[in-house]
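Have a look at model-v7.cif below; it lists mmCIF, C-alpha atoms and all ligand atoms.
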```cif
data_data
#
loop_
_atom_site.label_atom_id
_atom_site.label_comp_id
_atom_site.auth_asym_id
_atom_site.auth_seq_id
_atom_site.Cartn_x
_atom_site.Cartn_y
_atom_site.Cartn_z
CA MET A 1 -42.02 -25.33 54.69
CA SER A 2 -38.57 -24.53 53.34
CA LEU A 3 -37.05 -26.45 50.45
CA LYS A 4 -33.86 -27.12 52.38
CA ASN A 5 -33.52 -29.09 55.60
CA THR A 6 -33.28 -27.37 58.97
CA PRO A 7 -32.00 -28.94 62.21
CA LEU A 8 -35.69 -29.33 63.24
CA ARG A 9 -37.35 -30.56 60.03
CA TRP A 10 -36.66 -32.23 56.73
CA GLY A 11 -37.24 -29.73 53.92
CA ALA A 12 -39.72 -30.14 51.06
CA VAL A 13 -37.16 -31.68 48.67
CA ALA A 14 -35.99 -34.35 51.15
CA GLN A 15 -39.62 -35.17 52.05
CA LEU A 16 -40.72 -35.42 48.43
CA LEU A 17 -37.78 -37.70 47.56
CA HIS A 18 -38.47 -39.85 50.62
CA TRP A 19 -42.18 -40.41 49.90
CA VAL A 20 -41.81 -40.83 46.15
CA VAL A 21 -39.17 -43.52 46.75
CA VAL A 22 -41.47 -45.26 49.28
CA TRP A 23 -44.26 -45.29 46.68
CA ALA A 24 -41.86 -46.52 43.97
CA ILE A 25 -40.58 -49.39 46.16
CA LEU A 26 -44.12 -50.58 46.87
CA THR A 27 -44.86 -50.36 43.14
CA GLN A 28 -41.73 -52.39 42.40
CA PHE A 29 -42.81 -55.29 44.57
CA LEU A 30 -46.33 -55.25 43.12
CA LEU A 31 -44.98 -55.21 39.56
CA ALA A 32 -42.48 -58.02 40.29
CA GLU A 33 -45.26 -60.08 41.88
CA ALA A 34 -47.59 -59.43 38.93
CA ALA A 35 -44.87 -60.34 36.41
CA GLU A 36 -44.17 -63.60 38.20
CA GLU A 37 -47.85 -64.61 37.92
CA LEU A 38 -48.05 -63.89 34.19
CA PRO A 39 -47.26 -66.47 31.50
CA ALA A 40 -44.48 -65.66 29.04
CA GLY A 41 -45.89 -63.15 26.57
CA VAL A 42 -46.48 -59.48 25.90
CA GLY A 43 -48.14 -58.88 29.29
CA LYS A 44 -45.12 -60.19 31.19
CA LEU A 45 -42.75 -58.24 28.96
CA ALA A 46 -44.73 -55.03 29.55
CA THR A 47 -44.93 -55.56 33.31
CA LEU A 48 -41.21 -56.23 33.60
CA ALA A 49 -40.46 -53.23 31.35
CA ARG A 50 -42.41 -51.03 33.81
CA HIS A 51 -40.62 -52.71 36.73
CA LYS A 52 -37.29 -51.85 35.11
CA SER A 53 -38.30 -48.24 34.41
CA VAL A 54 -39.53 -47.67 37.97
CA GLY A 55 -36.36 -49.39 39.27
CA ILE A 56 -34.10 -47.10 37.24
CA SER A 57 -36.12 -44.14 38.55
CA ILE A 58 -35.42 -45.34 42.10
CA LEU A 59 -31.71 -45.50 41.30
CA LEU A 60 -31.78 -41.89 40.04
CA LEU A 61 -33.89 -40.66 42.94
CA VAL A 62 -31.61 -42.29 45.51
CA VAL A 63 -28.53 -40.74 43.89
CA LEU A 64 -30.34 -37.38 43.99
CA ARG A 65 -31.29 -37.97 47.62
CA LEU A 66 -27.72 -38.73 48.60
CA ALA A 67 -26.51 -35.62 46.77
CA TRP A 68 -29.18 -33.49 48.48
CA LYS A 69 -28.26 -35.00 51.86
CA GLN A 70 -24.64 -34.06 51.26
CA TYR A 71 -25.64 -30.53 50.21
CA ASN A 72 -27.68 -30.15 53.44
CA ARG A 73 -24.95 -31.63 55.60
CA GLY A 74 -24.60 -29.91 58.99
CA HIS A 75 -28.12 -28.45 59.04
CA SER A 76 -30.37 -31.53 58.87
CA PRO A 77 -32.32 -33.15 61.73
CA ALA A 78 -30.14 -35.40 63.91
CA LEU A 79 -31.19 -38.53 65.80
CA PRO A 80 -32.78 -37.65 69.17
CA ALA A 81 -30.15 -37.25 71.91
CA ASN A 82 -31.86 -39.67 74.32
CA LEU A 83 -31.35 -42.80 72.17
CA LYS A 84 -29.48 -45.74 73.68
CA PRO A 85 -26.24 -46.73 71.87
CA TYR A 86 -27.82 -49.89 70.41
CA GLU A 87 -30.75 -47.79 69.10
CA VAL A 88 -28.31 -45.41 67.39
CA TRP A 89 -26.51 -48.42 65.91
CA LEU A 90 -29.79 -49.93 64.70
CA ALA A 91 -30.94 -46.64 63.18
CA ARG A 92 -27.62 -46.18 61.34
CA LEU A 93 -27.65 -49.79 60.15
CA THR A 94 -31.14 -49.46 58.69
CA HIS A 95 -30.51 -46.07 57.07
CA HIS A 96 -27.15 -46.99 55.52
CA GLY A 97 -28.45 -50.44 54.60
CA LEU A 98 -31.51 -48.97 52.87
CA TYR A 99 -29.39 -46.56 50.84
CA ALA A 100 -26.98 -49.37 49.86
CA LEU A 101 -29.82 -51.70 48.86
CA LEU A 102 -31.61 -49.00 46.88
CA LEU A 103 -28.45 -48.57 44.84
CA LEU A 104 -27.50 -52.25 44.57
CA LEU A 105 -30.97 -53.62 43.77
CA PRO A 106 -31.56 -51.54 40.64
CA LEU A 107 -27.95 -52.12 39.56
CA SER A 108 -28.33 -55.89 39.96
CA GLY A 109 -31.58 -55.70 37.94
CA TRP A 110 -29.89 -53.69 35.20
CA LEU A 111 -26.95 -56.13 35.14
CA MET A 112 -29.36 -59.09 35.07
CA SER A 113 -31.25 -57.63 32.10
CA SER A 114 -28.00 -57.04 30.22
CA ALA A 115 -26.87 -60.63 30.94
CA LYS A 116 -30.14 -61.87 29.40
CA ASN A 117 -29.80 -59.57 26.35
CA TYR A 118 -32.87 -57.54 27.35
CA PRO A 119 -31.57 -53.96 26.98
CA VAL A 120 -33.18 -51.59 29.48
CA SER A 121 -35.18 -48.57 28.43
CA TRP A 122 -36.53 -45.87 30.75
CA PHE A 123 -40.27 -45.76 29.96
CA GLY A 124 -39.32 -45.99 26.26
CA ILE A 125 -37.95 -42.42 26.41
CA GLY A 126 -34.72 -41.67 24.59
CA PRO A 127 -32.15 -44.30 23.65
CA ALA A 128 -31.89 -47.54 25.66
CA LEU A 129 -29.45 -47.61 28.57
CA PRO A 130 -26.09 -49.18 27.74
CA ASP A 131 -25.68 -52.88 28.43
CA LEU A 132 -23.47 -53.38 31.50
CA VAL A 133 -22.32 -56.92 30.66
CA SER A 134 -22.37 -59.25 27.66
CA PRO A 135 -25.11 -61.88 27.49
CA SER A 136 -24.33 -64.91 29.67
CA ASP A 137 -26.68 -67.55 31.07
CA THR A 138 -24.43 -68.26 34.06
CA LEU A 139 -24.18 -64.60 34.97
CA PHE A 140 -27.93 -64.15 34.54
CA VAL A 141 -28.69 -66.98 37.00
CA LEU A 142 -26.23 -65.52 39.52
CA LEU A 143 -27.62 -61.99 39.17
CA LYS A 144 -31.22 -63.15 39.37
CA ALA A 145 -30.43 -64.89 42.68
CA THR A 146 -28.61 -61.74 43.88
CA HIS A 147 -31.58 -59.55 42.91
CA GLU A 148 -33.92 -61.83 44.83
CA VAL A 149 -31.72 -61.90 47.96
CA LEU A 150 -31.31 -58.09 47.90
CA ALA A 151 -35.09 -57.66 47.49
CA ASN A 152 -35.68 -59.89 50.54
CA LEU A 153 -33.08 -57.92 52.53
CA LEU A 154 -34.87 -54.72 51.52
CA ILE A 155 -38.12 -56.10 52.94
CA VAL A 156 -36.37 -56.86 56.27
CA LEU A 157 -34.74 -53.42 56.51
CA ALA A 158 -37.89 -51.59 55.40
CA LEU A 159 -39.88 -53.39 58.12
CA LEU A 160 -37.22 -52.47 60.70
CA HIS A 161 -37.37 -48.87 59.46
CA VAL A 162 -41.18 -48.74 59.81
CA ALA A 163 -41.00 -50.43 63.24
CA GLY A 164 -38.45 -47.79 64.35
CA ALA A 165 -40.74 -44.99 63.14
CA LEU A 166 -43.69 -46.46 65.05
CA VAL A 167 -41.59 -46.78 68.26
CA HIS A 168 -40.54 -43.13 67.95
CA HIS A 169 -44.11 -41.93 67.35
CA PHE A 170 -46.13 -44.03 69.77
CA ILE A 171 -43.69 -45.10 72.51
CA LYS A 172 -40.99 -42.43 72.70
CA ARG A 173 -43.49 -39.79 71.51
CA ASP A 174 -40.76 -37.68 69.90
CA ASP A 175 -41.05 -35.78 66.60
CA VAL A 176 -38.94 -38.12 64.43
CA VAL A 177 -41.93 -39.11 62.26
CA ARG A 178 -43.58 -35.68 62.23
CA ARG A 179 -40.46 -33.95 60.91
CA MET A 180 -40.69 -36.11 57.76
CA LEU A 181 -44.38 -35.27 57.25
CA PRO A 182 -45.58 -32.23 55.32
CA PHE A 183 -47.61 -29.71 57.36
CA ALA A 184 -46.63 -31.44 60.59
CA ARG A 185 -48.27 -28.78 62.75
CA ASN A 186 -51.61 -28.66 60.94
CA ALA A 187 -53.44 -31.98 61.24
CA ALA A 188 -56.18 -31.11 58.68
CA ALA A 189 -53.64 -30.02 56.05
CA ARG A 190 -51.54 -33.11 56.76
CA ILE A 191 -54.49 -35.46 56.26
CA THR A 192 -55.50 -33.63 53.04
CA VAL A 193 -51.96 -33.88 51.61
CA MET A 194 -51.76 -37.56 52.56
CA LEU A 195 -55.13 -38.28 50.91
CA VAL A 196 -54.10 -36.45 47.72
CA CYS A 197 -50.84 -38.45 47.69
CA VAL A 198 -52.65 -41.76 48.23
CA VAL A 199 -55.12 -41.04 45.40
CA ALA A 200 -52.37 -39.78 43.02
CA GLY A 201 -50.14 -42.74 43.96
CA GLY A 202 -53.03 -45.16 43.42
CA LEU A 203 -53.81 -43.68 40.00
CA GLY A 204 -50.13 -43.90 39.05
CA LEU A 205 -50.04 -47.49 40.20
CA ALA A 206 -53.18 -48.36 38.25
CA ARG A 207 -51.43 -47.08 35.09
CA LEU A 208 -48.36 -49.19 35.77
CA LEU A 209 -49.93 -52.47 36.82
CA PRO A 210 -50.83 -54.97 34.10
CA GLY A 211 -54.60 -54.52 34.55
CA ASP A 212 -54.59 -51.61 32.09
CA MET A 213 -53.04 -53.69 29.34
CA ALA A 214 -56.27 -54.78 27.70
CA GLY A 215 -57.49 -51.19 27.34
CA SER A 216 -54.31 -49.68 26.00
CA THR A 217 -53.16 -52.45 23.72
CA ALA A 218 -53.91 -51.11 20.26
CA ALA A 219 -53.77 -54.12 18.02
CA THR A 220 -52.20 -53.01 14.79
CA ASP A 221 -53.61 -54.59 11.70
CA SER A 222 -51.43 -54.63 8.71
CA ALA A 223 -52.06 -55.67 5.15
CA GLN A 224 -50.63 -59.09 4.49
CA GLY A 225 -48.54 -59.77 1.43
CA THR A 226 -49.32 -62.48 -1.04
CA THR A 227 -48.98 -66.00 0.29
CA THR A 228 -46.76 -68.25 -1.71
CA ASN A 229 -45.06 -71.54 -1.12
CA THR A 230 -42.59 -71.22 -3.94
CA ASP A 231 -38.97 -71.64 -3.05
CA ALA A 232 -37.39 -68.36 -4.11
CA GLY A 233 -34.77 -70.14 -6.16
CA ALA A 234 -32.11 -70.16 -3.49
CA ASN A 235 -30.26 -72.99 -5.19
CA THR A 236 -29.44 -71.34 -8.50
CA ALA A 237 -25.91 -71.77 -9.83
CA SER A 238 -23.85 -68.87 -8.50
CA VAL A 239 -20.44 -67.37 -8.73
CA TRP A 240 -20.10 -66.71 -5.01
CA VAL A 241 -21.12 -68.82 -2.02
CA THR A 242 -21.17 -68.02 1.68
CA ASP A 243 -18.39 -68.82 4.11
CA ARG A 244 -20.71 -69.25 7.07
CA THR A 245 -18.09 -69.16 9.77
CA ARG A 246 -17.08 -65.65 8.78
CA SER A 247 -20.56 -64.29 8.07
CA THR A 248 -23.20 -62.70 10.26
CA LEU A 249 -26.88 -62.02 9.80
CA GLU A 250 -28.46 -59.95 12.55
CA PHE A 251 -31.93 -58.63 13.19
CA VAL A 252 -32.64 -55.74 15.52
CA PHE A 253 -36.09 -55.39 17.04
CA THR A 254 -37.32 -52.81 19.52
CA GLN A 255 -38.69 -54.37 22.66
CA ALA A 256 -40.15 -52.11 25.36
CA GLY A 257 -38.39 -49.14 23.79
CA ALA A 258 -34.95 -50.78 23.70
CA ALA A 259 -33.25 -52.07 20.57
CA THR A 260 -32.42 -55.77 20.99
CA THR A 261 -30.23 -57.79 18.67
CA GLY A 262 -30.72 -61.37 17.54
CA ARG A 263 -28.70 -63.47 15.09
CA PHE A 264 -29.31 -66.28 12.62
CA SER A 265 -26.53 -68.82 12.78
CA ALA A 266 -27.69 -70.92 9.79
CA PHE A 267 -28.11 -69.11 6.50
CA SER A 268 -26.49 -69.05 3.11
CA ALA A 269 -26.30 -66.57 0.29
CA ASP A 270 -25.67 -67.47 -3.31
CA VAL A 271 -24.50 -64.43 -5.20
CA ASP A 272 -24.07 -63.94 -8.90
CA PHE A 273 -23.31 -60.25 -9.10
CA THR A 274 -21.44 -58.04 -11.51
CA PRO A 275 -20.89 -54.61 -9.98
CA GLY A 276 -20.70 -51.43 -12.07
CA THR A 277 -22.84 -48.54 -13.15
CA ILE A 278 -25.39 -51.01 -14.50
CA PRO A 279 -25.08 -53.86 -12.02
CA VAL A 280 -26.57 -57.19 -12.93
CA GLY A 281 -26.95 -60.50 -11.19
CA ARG A 282 -28.90 -62.32 -8.59
CA LEU A 283 -28.87 -62.57 -4.83
CA ALA A 284 -30.52 -65.61 -3.27
CA VAL A 285 -30.52 -66.08 0.47
CA ARG A 286 -31.91 -68.93 2.53
CA ILE A 287 -32.33 -68.62 6.28
CA GLU A 288 -33.06 -71.47 8.70
CA MET A 289 -35.58 -69.86 11.01
CA ASN A 290 -34.89 -72.19 13.94
CA SER A 291 -31.31 -70.84 14.09
CA ALA A 292 -32.51 -67.46 15.45
CA ASP A 293 -30.69 -66.68 18.67
CA THR A 294 -31.51 -63.74 20.96
CA ALA A 295 -29.23 -64.95 23.79
CA ASP A 296 -32.22 -66.10 25.84
CA ALA A 297 -33.57 -69.65 25.49
CA GLY A 298 -37.10 -68.68 26.58
CA ARG A 299 -37.34 -65.86 24.08
CA ASN A 300 -35.88 -68.05 21.30
CA GLU A 301 -38.58 -70.62 21.93
CA GLN A 302 -41.26 -67.93 21.86
CA LEU A 303 -39.84 -66.52 18.63
CA GLY A 304 -40.18 -69.91 16.93
CA SER A 305 -43.83 -70.28 18.04
CA VAL A 306 -46.78 -70.28 15.69
CA ASP A 307 -47.59 -66.64 16.60
CA LEU A 308 -44.17 -65.35 15.57
CA PHE A 309 -41.81 -67.16 13.15
CA ASN A 310 -43.93 -70.32 13.00
CA VAL A 311 -40.82 -72.41 12.49
CA ALA A 312 -42.77 -75.68 12.37
CA GLY A 313 -44.95 -74.45 9.47
CA HIS A 314 -42.29 -72.43 7.66
CA PRO A 315 -38.80 -73.58 8.63
CA GLN A 316 -37.06 -71.37 6.08
CA ALA A 317 -37.18 -67.78 4.93
CA THR A 318 -35.78 -66.79 1.57
CA TYR A 319 -34.74 -63.56 -0.08
CA ASP A 320 -34.43 -63.20 -3.81
CA ALA A 321 -33.29 -60.12 -5.70
CA THR A 322 -32.61 -59.76 -9.41
CA ALA A 323 -32.74 -55.97 -9.87
CA PHE A 324 -29.94 -53.71 -8.64
CA THR A 325 -29.23 -50.00 -8.98
CA ALA A 326 -25.90 -48.31 -8.35
CA GLN A 327 -25.95 -45.52 -5.76
CA PRO A 328 -23.74 -42.37 -5.99
CA ASP A 329 -21.71 -43.48 -2.92
CA GLY A 330 -20.65 -46.77 -4.53
CA SER A 331 -23.27 -48.89 -2.78
CA TYR A 332 -26.18 -50.70 -4.44
CA ARG A 333 -29.88 -50.95 -3.89
CA ALA A 334 -31.32 -54.40 -4.44
CA GLU A 335 -35.02 -54.76 -5.22
CA GLY A 336 -35.88 -58.11 -3.79
CA SER A 337 -38.62 -60.04 -2.17
CA LEU A 338 -38.50 -61.64 1.27
CA THR A 339 -40.57 -64.75 1.90
CA LEU A 340 -41.17 -65.29 5.59
CA ARG A 341 -43.91 -67.43 7.15
CA GLY A 342 -44.91 -68.22 3.55
CA VAL A 343 -45.66 -64.55 2.86
CA SER A 344 -43.69 -62.71 0.15
CA VAL A 345 -43.26 -58.97 0.45
CA PRO A 346 -40.91 -56.64 -1.48
CA VAL A 347 -38.01 -55.57 0.78
CA PRO A 348 -35.29 -53.37 -0.72
CA LEU A 349 -31.68 -53.82 0.52
CA GLN A 350 -28.91 -51.26 0.75
CA MET A 351 -25.70 -53.19 0.11
CA ARG A 352 -22.03 -52.89 -0.57
CA PHE A 353 -20.16 -55.49 -2.60
CA THR A 354 -16.38 -55.53 -2.17
CA PRO A 355 -14.41 -58.11 -4.21
CA GLU A 356 -11.12 -59.15 -2.57
CA GLY A 357 -9.37 -61.53 -4.96
CA ASP A 358 -11.05 -64.93 -4.70
CA GLU A 359 -13.28 -63.62 -1.97
CA ALA A 360 -15.79 -60.83 -1.62
CA VAL A 361 -17.63 -59.11 1.20
CA LEU A 362 -21.32 -58.34 0.97
CA GLN A 363 -22.53 -55.95 3.65
CA GLY A 364 -25.87 -54.32 3.95
CA THR A 365 -29.01 -53.39 5.78
CA ALA A 366 -32.74 -53.59 5.29
CA SER A 367 -35.76 -52.52 7.21
CA LEU A 368 -39.03 -54.40 7.26
CA ASP A 369 -42.44 -54.43 8.88
CA ARG A 370 -42.79 -57.71 10.81
CA LEU A 371 -46.61 -57.45 10.67
CA ALA A 372 -46.56 -57.50 6.85
CA PHE A 373 -45.39 -61.12 7.17
CA GLY A 374 -47.76 -61.96 10.01
CA VAL A 375 -44.86 -62.14 12.50
CA GLY A 376 -47.06 -61.28 15.46
CA GLN A 377 -50.40 -62.98 15.83
CA GLY A 378 -52.78 -62.57 18.76
CA GLU A 379 -51.31 -60.40 21.50
CA TRP A 380 -48.05 -60.08 19.51
CA LYS A 381 -49.85 -57.97 16.89
CA SER A 382 -49.72 -55.00 19.21
CA THR A 383 -46.84 -52.66 18.51
CA GLU A 384 -47.01 -51.09 21.97
CA TRP A 385 -44.25 -53.30 23.36
CA ILE A 386 -42.66 -54.80 20.24
CA ALA A 387 -42.26 -52.30 17.43
CA ALA A 388 -43.38 -53.26 13.93
CA GLU A 389 -40.11 -52.21 12.33
CA VAL A 390 -37.28 -54.75 12.34
CA LYS A 391 -33.87 -53.87 11.01
CA VAL A 392 -31.66 -56.44 9.37
CA ALA A 393 -27.89 -56.16 8.99
CA PHE A 394 -25.61 -58.62 7.26
CA ASN A 395 -21.92 -59.02 6.70
CA VAL A 396 -21.35 -61.98 4.43
CA ARG A 397 -17.95 -63.33 3.45
CA LEU A 398 -18.24 -64.85 -0.04
CA VAL A 399 -15.85 -67.25 -1.73
CA LYS A 400 -15.71 -67.93 -5.45
CA ARG A 401 -17.47 -71.12 -6.46
CA ARG A 402 -15.06 -73.21 -8.52
C1 LIG A 501 -35.41 -50.81 44.10
C2 LIG A 501 -35.59 -51.34 42.93
C3 LIG A 501 -36.05 -52.75 42.70
C4 LIG A 501 -36.74 -53.60 43.52
C5 LIG A 501 -37.26 -53.35 44.93
C6 LIG A 501 -36.90 -54.84 42.79
C7 LIG A 501 -37.55 -55.95 43.28
C8 LIG A 501 -37.73 -57.12 42.57
C9 LIG A 501 -38.36 -58.31 43.10
C10 LIG A 501 -38.94 -58.45 44.49
C11 LIG A 501 -38.36 -59.24 42.11
C12 LIG A 501 -38.88 -60.67 42.20
C13 LIG A 501 -37.71 -61.54 42.60
C14 LIG A 501 -38.06 -62.98 42.69
O1 LIG A 501 -38.60 -63.34 43.71
O2 LIG A 501 -37.78 -63.70 41.71
C15 LIG A 501 -37.75 -58.66 40.95
C16 LIG A 501 -37.58 -59.30 39.74
C17 LIG A 501 -37.01 -58.72 38.61
N1 LIG A 501 -36.40 -57.48 38.55
FE1 LIG A 501 -36.35 -56.11 40.04
N2 LIG A 501 -36.32 -54.71 41.55
C18 LIG A 501 -35.79 -53.45 41.45
C19 LIG A 501 -35.14 -52.90 40.38
C20 LIG A 501 -34.96 -53.53 39.14
C21 LIG A 501 -34.32 -52.94 37.99
C22 LIG A 501 -33.75 -51.53 37.92
C23 LIG A 501 -34.35 -53.86 37.00
C24 LIG A 501 -33.79 -53.80 35.59
C25 LIG A 501 -33.35 -52.72 35.02
C26 LIG A 501 -35.02 -55.05 37.52
C27 LIG A 501 -35.25 -56.20 36.81
C28 LIG A 501 -35.93 -57.30 37.28
C29 LIG A 501 -36.24 -58.46 36.48
C30 LIG A 501 -35.87 -58.67 35.00
C31 LIG A 501 -36.91 -59.35 37.32
C32 LIG A 501 -37.48 -60.72 36.94
C33 LIG A 501 -36.40 -61.77 37.03
C34 LIG A 501 -36.92 -63.09 36.48
O3 LIG A 501 -37.78 -63.66 37.15
O4 LIG A 501 -36.49 -63.46 35.41
N3 LIG A 501 -35.36 -54.81 38.83
N4 LIG A 501 -37.34 -57.39 41.26
#
```

Would you give me this structure, written as structure tokens?
Ligand code: HEM
Amino acid sequence: MSLKNTPLRWGAVAQLLHWVVVWAILTQFLLAEAAEELPAGVGKLATLARHKSVGISILLLVVLRLAWKQYNRGHSPALPANLKPYEVWLARLTHHGLYALLLLLPLSGWLMSSAKNYPVSWFGIGPALPDLVSPSDTLFVLLKATHEVLANLLIVLALLHVAGALVHHFIKRDDVVRRMLPFARNAAARITVMLVCVVAGGLGLARLLPGDMAGSTAATDSAQGTTTNTDAGANTASVWVTDRTRSTLEFVFTQAGAATTGRFSAFSADVDFTPGTIPVGRLAVRIEMNSADTADAGRNEQLGSVDLFNVAGHPQATYDATAFTAQPDGSYRAEGSLTLRGVSVPVPLQMRFTPEGDEAVLQGTASLDRLAFGVGQGEWKSTEWIAAEVKVAFNVRLVKRR
């Protein structure tokens, strides 16, 4: 069989793309169905992450298929000449409709994920795909409904497509189906190839469906820091206090291979800091844990649960640093301790302190292991879908306390 199409048969490339996309579409529906059945949690997240990755693969494969079709233009199989005009119309409608849906469905899914602030990663490989829109609840609801309608339309067109193939094969008895099958002239080879494809497809599916979760979820145990209930002294008298409206505190976690940003809206930093080659002072931060916002109400609620932030048991996190070292580039390293969920663990900060008259800007970053604080109990301990490392970035506008 040649790679390229001929007027009599689809070539190997067109056939491969056709059957892989068929398999991927079936997988998509199974994954979506499985995700719908699952309660909110790591299993659902993992199943939807696989759904998204397979969906993005479909988008790429369909673009490739269209490009290949264009490249083979003029020497590909045509519709049989004996079709009635309405049959030609129906065939064109289903083919064009299927191509359009296989482009629009993944795009609507990608848009929907962006609107919910769930950046999309392709099987966790490489950087996450860019967000197509900013987070918006209204847009998410609209796109979710669109995705659902397009998926239902795809079912209708796919059924029409299969019905058409069956009519060609069993009623018209032409070679429309055979020319899309490998080894069309050798029945034994055809059956062998089909069986190999079914087994390989089944094995691939078994890897993607949530059933394999229990086996592959490697629960990561991490040493816990010392438990303490002491307030880290966030209320000490300070030279600088936070102007909350002009300050941001963000945390970036990696979910299903894609970096996702959340923000704390309620926090304050009291800063008593004298910059220089031997910097001295104190940095005391207090964060209201129930102010965490990831632009998705469901995920915010989950984040506050006893398995993650445990907001009910530990409503506040504090950070306290009293040792600073000047860095050659003019920044500072703060040696401080973060108390989260009642667990205190040393977390160094890289920060820049820029006085501007009666105001100052404190910017910086830190990186921490969520499991060291017990943020992730039960199924959330696994780092397969939510990485252990969380990055923190802050940009705090300080005003002089009078
Ligand atoms: C041809 C490709 C695709 C097909 C056939 C497909 C099909 C489906 C179906 C049938 C559902 C269930 C809809 C419902 O009844 O609620 C669903 C849900 C979903 N799909 Fe897709 N999808 C595709 C691509 C994508 C892509 C590329 C993404 C994201 C990058 C995506 C993201 C989602 C999400 C997040 C949901 C769950 C929505 C929710 O319940 O919150 N889909 N998809």

Show me which residues sit within 7 Å of ligand LIG 501 (chain A) when counting only C-alpha atoms and all ligand atoms, and put them as a PDB file with C-alpha atoms, in the frame of the given file.
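Result file is selection10.pdb:
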```
ATOM      1  CA  ILE A  25     -40.580 -49.390  46.160  1.00  0.00           C
ATOM      2  CA  GLN A  28     -41.730 -52.390  42.400  1.00  0.00           C
ATOM      3  CA  PHE A  29     -42.810 -55.290  44.570  1.00  0.00           C
ATOM      4  CA  ALA A  32     -42.480 -58.020  40.290  1.00  0.00           C
ATOM      5  CA  GLU A  33     -45.260 -60.080  41.880  1.00  0.00           C
ATOM      6  CA  GLU A  36     -44.170 -63.600  38.200  1.00  0.00           C
ATOM      7  CA  LEU A  48     -41.210 -56.230  33.600  1.00  0.00           C
ATOM      8  CA  HIS A  51     -40.620 -52.710  36.730  1.00  0.00           C
ATOM      9  CA  LYS A  52     -37.290 -51.850  35.110  1.00  0.00           C
ATOM     10  CA  SER A  53     -38.300 -48.240  34.410  1.00  0.00           C
ATOM     11  CA  VAL A  54     -39.530 -47.670  37.970  1.00  0.00           C
ATOM     12  CA  GLY A  55     -36.360 -49.390  39.270  1.00  0.00           C
ATOM     13  CA  ILE A  56     -34.100 -47.100  37.240  1.00  0.00           C
ATOM     14  CA  ILE A  58     -35.420 -45.340  42.100  1.00  0.00           C
ATOM     15  CA  LEU A 102     -31.610 -49.000  46.880  1.00  0.00           C
ATOM     16  CA  LEU A 105     -30.970 -53.620  43.770  1.00  0.00           C
ATOM     17  CA  PRO A 106     -31.560 -51.540  40.640  1.00  0.00           C
ATOM     18  CA  LEU A 107     -27.950 -52.120  39.560  1.00  0.00           C
ATOM     19  CA  SER A 108     -28.330 -55.890  39.960  1.00  0.00           C
ATOM     20  CA  GLY A 109     -31.580 -55.700  37.940  1.00  0.00           C
ATOM     21  CA  TRP A 110     -29.890 -53.690  35.200  1.00  0.00           C
ATOM     22  CA  MET A 112     -29.360 -59.090  35.070  1.00  0.00           C
ATOM     23  CA  SER A 113     -31.250 -57.630  32.100  1.00  0.00           C
ATOM     24  CA  VAL A 120     -33.180 -51.590  29.480  1.00  0.00           C
ATOM     25  CA  LYS A 144     -31.220 -63.150  39.370  1.00  0.00           C
ATOM     26  CA  HIS A 147     -31.580 -59.550  42.910  1.00  0.00           C
ATOM     27  CA  GLU A 148     -33.920 -61.830  44.830  1.00  0.00           C
ATOM     28  CA  ALA A 151     -35.090 -57.660  47.490  1.00  0.00           C
TER      29      ALA A 151
END
```

### Query
Distance atom CA of Leu371 of chain A-atom CA of Glu37 of chain A, one decimal place?
28.2 Å

### Query
Skipping near chain neighbours, those fewer than 2 positions away, what residues fall within 6 Å of Glu389 of chain A using only C-alpha atoms, listed as a list in words?
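Answer for this query is Leu368, Asp369 and Ala387 of chain A.
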
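Between atom CA of Val176 of chain A and atom CA of Val21 of chain A the interatomic distance comes to 18.5 Å.
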
### Query
Could you name the residues that touch Arg282 of chain A at 9 Å or less, counting only C-alpha atoms, but leaving out those on the same chain fewer than 3 positions away, as number ranges by chain?
A: 238, 270-273, 320-324

### Point-to-point distance from atom CA of Arg207 of chain A to atom CA of Trp122 of chain A, Å rounded to tenths
15.6 Å

### Query
Quick one: of A:Leu283, A:Leu181, A:Leu104, A:Ala49, who's nearest to Val13 of chain A, counting all atoms listed in the file?
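Result for the nearest residue to Val13 of chain A: A:Leu181.
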
#### Entry: Nearest to Leu90 of chain A by atom-to-atom distance, counting only C-alpha atoms, from A:Ala360, A:Ala163, A:Ala78, A:Ala297
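So, comparing all the options, the nearest one is A:Ala163.
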
### Message
Report as a list in words all protein, DNA and RNA residues lying within 8 Å of Thr27 of chain A, evaluated on only C-alpha atoms, omitting residues in the same chain fewer than 3 positions from it.
### Response
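The contact residues come out as Trp23, Ala24, Leu30, Leu31, Val54 and Leu205 of chain A.
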
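Once Gly262 of chain A and its same-chain neighbours fewer than 3 positions away are set aside, Asn117, Leu249, Glu250, Phe251, Val252, Phe253, Ser265, Ala292, Asp293, Thr294, Ala295, Asp296, Asn300 and Val392 of chain A remain within 10 Å of it when counting only C-alpha atoms.
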